[in-house]
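Dropping work.tsv in here (TSV, C-alpha atoms):
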chain	number	residue	atom	x	y	z
S	1	MET	CA	-26.41	-6.00	-14.96
S	2	THR	CA	-28.17	-4.06	-17.71
S	3	GLN	CA	-26.52	-2.35	-20.65
S	4	GLN	CA	-27.72	1.02	-19.34
S	5	GLU	CA	-25.96	0.36	-16.03
S	6	ARG	CA	-22.77	-0.49	-17.89
S	7	GLN	CA	-23.02	2.76	-19.84
S	8	ARG	CA	-23.33	4.64	-16.55
S	9	ILE	CA	-20.25	2.82	-15.26
S	10	ALA	CA	-18.31	3.95	-18.33
S	11	ALA	CA	-19.55	7.52	-17.86
S	12	GLY	CA	-18.47	7.43	-14.23
S	13	LEU	CA	-14.99	6.21	-15.16
S	14	ALA	CA	-14.71	8.95	-17.75
S	15	ASP	CA	-15.60	11.49	-15.05
S	16	GLY	CA	-12.88	10.13	-12.79
S	17	LEU	CA	-15.28	8.80	-10.16
S	18	SER	CA	-14.21	6.14	-7.70
S	19	TYR	CA	-15.78	2.68	-7.83
S	20	ALA	CA	-17.69	3.48	-4.64
S	21	GLU	CA	-19.14	6.65	-6.17
S	22	ILE	CA	-20.18	4.79	-9.32
S	23	ALA	CA	-21.77	2.09	-7.18
S	24	ARG	CA	-23.85	4.68	-5.33
S	25	ARG	CA	-25.01	6.21	-8.61
S	26	ILE	CA	-26.48	2.96	-9.90
S	27	ASP	CA	-27.38	1.50	-6.50
S	28	ARG	CA	-25.05	-1.47	-6.73
S	29	PRO	CA	-22.42	-2.84	-4.28
S	30	THR	CA	-18.89	-1.55	-4.83
S	31	SER	CA	-17.70	-5.15	-5.14
S	32	THR	CA	-20.04	-5.62	-8.13
S	33	ILE	CA	-18.56	-2.60	-9.88
S	34	SER	CA	-15.04	-3.81	-9.13
S	35	ARG	CA	-15.69	-7.27	-10.58
S	36	GLU	CA	-17.51	-5.86	-13.60
S	37	ILE	CA	-14.59	-3.60	-14.53
S	38	ALA	CA	-11.86	-6.12	-13.67
S	39	ARG	CA	-13.33	-8.85	-15.89
S	40	ASN	CA	-13.85	-6.44	-18.81
S	41	SER	CA	-10.36	-5.08	-19.59
S	42	GLY	CA	-9.96	-3.00	-16.45
S	43	GLN	CA	-10.45	0.68	-15.79
S	44	GLY	CA	-8.45	1.87	-18.79
S	45	GLY	CA	-10.14	-0.40	-21.31
S	46	TYR	CA	-13.71	-0.75	-20.10
S	47	ARG	CA	-16.25	-0.56	-22.95
S	48	PRO	CA	-19.94	-0.93	-21.98
S	49	GLN	CA	-21.15	-2.54	-25.21
S	50	GLN	CA	-18.30	-5.06	-25.28
S	51	ALA	CA	-18.81	-5.81	-21.60
S	52	HIS	CA	-22.53	-6.43	-22.17
S	53	ARG	CA	-21.89	-8.73	-25.14
S	54	ALA	CA	-19.31	-10.69	-23.13
S	55	SER	CA	-21.79	-11.05	-20.27
S	56	VAL	CA	-24.48	-12.36	-22.60
S	57	GLN	CA	-22.05	-14.84	-24.14
S	58	ARG	CA	-20.95	-16.08	-20.73
S	59	ALA	CA	-24.57	-16.56	-19.71
S	60	ARG	CA	-25.31	-18.55	-22.87
S	61	ARG	CA	-22.26	-20.75	-22.47
S	62	GLY	CA	-22.57	-21.03	-18.72
S	63	THR	CA	-18.84	-20.28	-18.53
S	64	PRO	CA	-17.69	-20.23	-14.91
S	65	VAL	CA	-15.31	-17.58	-13.62
S	66	PRO	CA	-11.80	-19.10	-13.34
S	67	PRO	CA	-10.85	-19.77	-9.70
S	68	ARG	CA	-8.14	-17.65	-8.13
S	69	ALA	CA	-4.92	-19.14	-6.91
S	70	ALA	CA	-4.85	-20.07	-3.25
S	71	GLY	CA	-3.98	-17.10	-1.11
S	72	ALA	CA	-4.49	-14.57	-3.91
S	73	PRO	CA	-6.36	-11.39	-2.90
S	74	SER	CA	-9.86	-10.90	-4.22
S	75	ASP	CA	-10.70	-8.15	-6.70
S	76	THR	CA	-12.75	-6.49	-3.97
S	77	MET	CA	-9.89	-6.48	-1.48
S	78	GLU	CA	-7.47	-5.09	-4.05
S	79	GLU	CA	-9.91	-2.35	-5.05
S	80	GLU	CA	-10.48	-1.40	-1.44
S	81	ILE	CA	-6.74	-0.93	-0.95
S	82	ILE	CA	-6.60	1.19	-4.12
S	83	GLU	CA	-9.49	3.33	-2.85
S	84	LEU	CA	-7.66	3.91	0.44
S	85	ALA	CA	-4.55	4.98	-1.47
S	86	VAL	CA	-6.60	7.36	-3.64
S	87	ARG	CA	-8.23	8.91	-0.59
S	88	SER	CA	-4.75	9.44	0.91
S	89	GLY	CA	-3.85	11.58	-2.12
S	90	LEU	CA	-2.36	9.25	-4.73
S	91	PRO	CA	-3.59	9.61	-8.33
S	92	ARG	CA	-5.69	6.57	-9.25
S	93	MET	CA	-3.27	5.16	-11.83
S	94	THR	CA	-0.36	5.64	-9.45
S	95	ALA	CA	-2.34	3.87	-6.74
S	96	ARG	CA	-3.08	0.94	-9.07
S	97	VAL	CA	0.60	0.55	-9.92
S	98	HIS	CA	1.63	0.84	-6.28
S	99	VAL	CA	-0.91	-1.73	-5.10
S	100	ASP	CA	0.03	-4.15	-7.89
S	101	LEU	CA	3.64	-3.95	-6.72
S	102	LEU	CA	2.64	-4.31	-3.06
S	103	LEU	CA	0.62	-7.45	-3.77
S	104	SER	CA	3.21	-9.09	-6.02
S	105	GLU	CA	4.99	-12.11	-4.57
S	106	ASP	CA	8.47	-10.56	-4.47
S	107	GLY	CA	7.54	-6.86	-4.71
S	108	ARG	CA	9.18	-6.54	-8.13
S	109	ARG	CA	7.80	-5.77	-11.59
S	110	THR	CA	9.14	-4.46	-14.86
S	111	ALA	CA	7.36	-1.67	-16.72
S	112	ALA	CA	6.28	-4.21	-19.35
S	113	GLU	CA	4.76	-6.46	-16.68
S	114	LEU	CA	2.85	-3.54	-15.14
S	115	THR	CA	1.58	-2.48	-18.56
S	116	ARG	CA	0.38	-5.98	-19.35
S	117	ARG	CA	-1.18	-6.68	-15.97
S	118	LEU	CA	-3.02	-3.37	-15.65
S	119	LYS	CA	-3.92	-3.17	-19.35
S	120	VAL	CA	-2.77	0.43	-19.67
S	121	SER	CA	-0.32	2.29	-21.88
S	122	PRO	CA	3.44	2.29	-21.21
S	123	ALA	CA	3.21	6.08	-20.85
S	124	SER	CA	0.68	5.75	-18.01
S	125	VAL	CA	2.93	3.28	-16.19
S	126	SER	CA	5.95	5.54	-16.74
S	127	VAL	CA	4.21	8.55	-15.15
S	128	ALA	CA	3.02	6.43	-12.22
S	129	VAL	CA	6.36	4.79	-11.41
S	130	ASN	CA	8.22	8.09	-11.75
S	131	PHE	CA	5.89	9.58	-9.12
S	132	LEU	CA	6.38	6.57	-6.83
S	133	VAL	CA	10.16	6.67	-7.19
S	134	GLN	CA	10.26	10.43	-6.63
S	135	HIS	CA	8.28	10.10	-3.39
S	136	GLY	CA	10.21	7.10	-2.09
S	137	TYR	CA	7.44	4.51	-2.36
S	138	VAL	CA	9.37	2.47	-4.92
S	139	ARG	CA	12.99	2.20	-5.99
S	140	ARG	CA	14.33	1.62	-9.49
S	141	GLU	CA	16.87	-1.13	-10.15
S	142	ARG	CA	18.67	-1.80	-13.40
S	143	ASP	CA	18.80	-5.30	-14.86
S	144	PRO	CA	22.14	-5.18	-16.75
S	145	ARG	CA	21.61	-8.48	-18.53
S	146	ARG	CA	18.28	-7.54	-20.09
S	147	ARG	CA	18.91	-3.78	-20.11
S	148	ARG	CA	15.66	-2.89	-18.46
S	149	ASP	CA	14.49	-1.22	-15.28
S	150	VAL	CA	12.87	-3.20	-12.48
S	151	TYR	CA	10.65	-1.41	-9.97
S	152	VAL	CA	10.86	-2.66	-6.41
S	153	VAL	CA	8.79	-2.01	-3.29
S	154	ASP	CA	10.33	-3.35	-0.08
S	155	ASP	CA	9.87	-2.81	3.64
S	156	ASP	CA	12.38	0.04	3.78
S	157	ALA	CA	10.39	1.98	1.18
S	158	TRP	CA	7.96	3.11	3.90
S	159	TYR	CA	10.77	4.71	5.86
S	160	HIS	CA	12.15	6.50	2.80
S	161	SER	CA	8.71	7.75	1.74
S	162	ILE	CA	8.16	9.28	5.19
S	163	VAL	CA	11.59	10.93	5.17
S	164	ILE	CA	10.97	12.45	1.73
S	165	SER	CA	7.53	13.72	2.79
S	166	VAL	CA	8.94	15.23	5.98
S	167	ARG	CA	11.71	17.01	4.09
S	168	GLN	CA	9.12	18.56	1.79
S	169	THR	CA	7.12	19.71	4.80
S	170	LEU	CA	10.27	21.19	6.34
S	171	GLU	CA	10.82	23.19	3.16
S	172	SER	CA	7.32	24.62	3.58
S	173	ALA	CA	8.08	25.41	7.23
S	174	HIS	CA	11.24	27.28	6.32
S	175	ALA	CA	9.45	29.14	3.54
S	176	SER	CA	6.73	30.23	5.99
S	177	THR	CA	9.33	31.41	8.48
S	178	ALA	CA	11.17	33.39	5.81
S	179	ALA	CA	7.92	34.94	4.59
S	180	ALA	CA	7.03	35.89	8.17
S	181	GLN	CA	10.27	37.82	8.49
S	182	THR	CA	9.62	39.54	5.18
S	183	TYR	CA	6.18	40.72	6.27
S	184	GLY	CA	7.50	41.58	9.72
S	185	LEU	CA	6.92	39.71	12.96
S	186	ASP	CA	5.01	42.69	14.32
S	187	SER	CA	2.35	42.35	11.59
S	188	SER	CA	-0.65	40.02	11.78
S	189	VAL	CA	0.42	38.25	8.57
S	190	GLY	CA	3.96	37.83	9.82
S	191	GLN	CA	2.78	36.41	13.14
S	192	ARG	CA	0.43	33.98	11.39
S	193	LEU	CA	3.15	32.73	9.05
S	194	ALA	CA	5.63	32.42	11.91
S	195	LYS	CA	3.22	30.22	13.83
S	196	VAL	CA	2.66	28.03	10.77
S	197	GLY	CA	6.39	27.69	10.20
S	198	ALA	CA	7.06	26.77	13.84
S	199	PHE	CA	4.23	24.23	13.86
S	200	LEU	CA	5.28	22.51	10.62
S	201	GLU	CA	8.93	22.42	11.67
S	202	GLN	CA	8.19	20.84	15.05
S	203	VAL	CA	5.82	18.25	13.59
S	204	SER	CA	8.36	17.37	10.90
S	205	LEU	CA	11.19	16.93	13.39
S	206	ASP	CA	8.98	14.78	15.61
S	207	MET	CA	8.07	12.57	12.63
S	208	LEU	CA	11.71	12.14	11.64
S	209	GLU	CA	12.62	11.18	15.19
S	210	SER	CA	9.73	8.71	15.34
S	211	ALA	CA	10.62	7.18	11.94
S	212	ASP	CA	14.24	6.68	13.00
S	213	ARG	CA	13.17	5.19	16.33
S	214	CYS	CA	10.72	2.76	14.73
S	215	ARG	CA	12.79	1.79	11.69
S	216	ASP	CA	13.86	-1.46	13.34
S	217	LEU	CA	10.26	-2.66	13.05
S	218	LEU	CA	10.81	-2.94	9.29
S	219	ALA	CA	13.98	-5.01	9.62
Final structure tokens representation of the file:
Amino acid sequence: MTQQERQRIAAGLADGLSYAEIARRIDRPTSTISREIARNSGQGGYRPQQAHRASVQRARRGTPVPPRAAGAPSDTMEEEIIELAVRSGLPRMTARVHVDLLLSEDGRRTAAELTRRLKVSPASVSVAVNFLVQHGYVRRERDPRRRRDVYVVDDDAWYHSIVISVRQTLESAHASTAAAQTYGLDSSVGQRLAKVGAFLEQVSLDMLESADRCRDLLA
């Protein structure tokens, strides 16, 4: 990879582009972009000049890439999961934290471990885990002996995240219904809002019923 390509990667990261979008810009596979960034301090610390110098030094030394542990996911697989999470609506940093927890052996990490593994600031990790806890994707446990928080993702987290999302949608449904009454059900606006409220309420109730019915699958 040329130094110019690495500069375009850095520019793409600064613009908030996904790895796939950066790959299209420089006509490279997404897996190449993922490996390039992962081996050069990650998304938050990628520097094109440093990355180019490191590449030149590796080529001169003939240093092989250290093998992954057996069963460990590849960088490409991990990045693909992150991209799916981003497309579903998660902020990229939040998605990175969530996926790192999901792929950990026991589904548990401290804030310090997340900071070190992802090579980002403690503040970035704090914002990400607060979002995940708030939306039910992760729960926070307290380690009384070491006086630190441990963030945990387990099977039941999926159920709780759906319930929280449904409750938020129900709030929107009730707000639409109330607004419809304010505008008047005989007005076009009122009728439109009433339909939206009824639709969102029914979908939400169906999702809650389905989540309760299928919860045993997570046991």
So which residues touch Tyr159 in chain S within 10 Å, counting all atoms listed in the file, skipping near sequence neighbours fewer than 5 positions away, as a ChimeraX atom specification?
-> /S:136-137,164,208,211-212,214-215,218
When you draw a straight line from CA of Ser204 in chain S to CA of Val127 in chain S, how long is it in Å?
-> 27.8 Å
What does the distance from CA of Thr110 in chain S to CA of Tyr151 in chain S come to in Å, to one decimal?
->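 Pair CA of Thr110 in chain S / CA of Tyr151 in chain S returns 6.0 Å.
Minimum distance to Phe131 in chain S across S:Arg148, S:Thr94, S:Ser34, S:Arg6 (counting only C-alpha atoms) occurs at S:Thr94.
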Using CA of Gln49 in chain S and CA of Pro122 in chain S as the two end points, give the distance in Å to one decimal.
->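 Spanning CA of Gln49 in chain S to CA of Pro122 in chain S is a straight-line distance of 25.4 Å.
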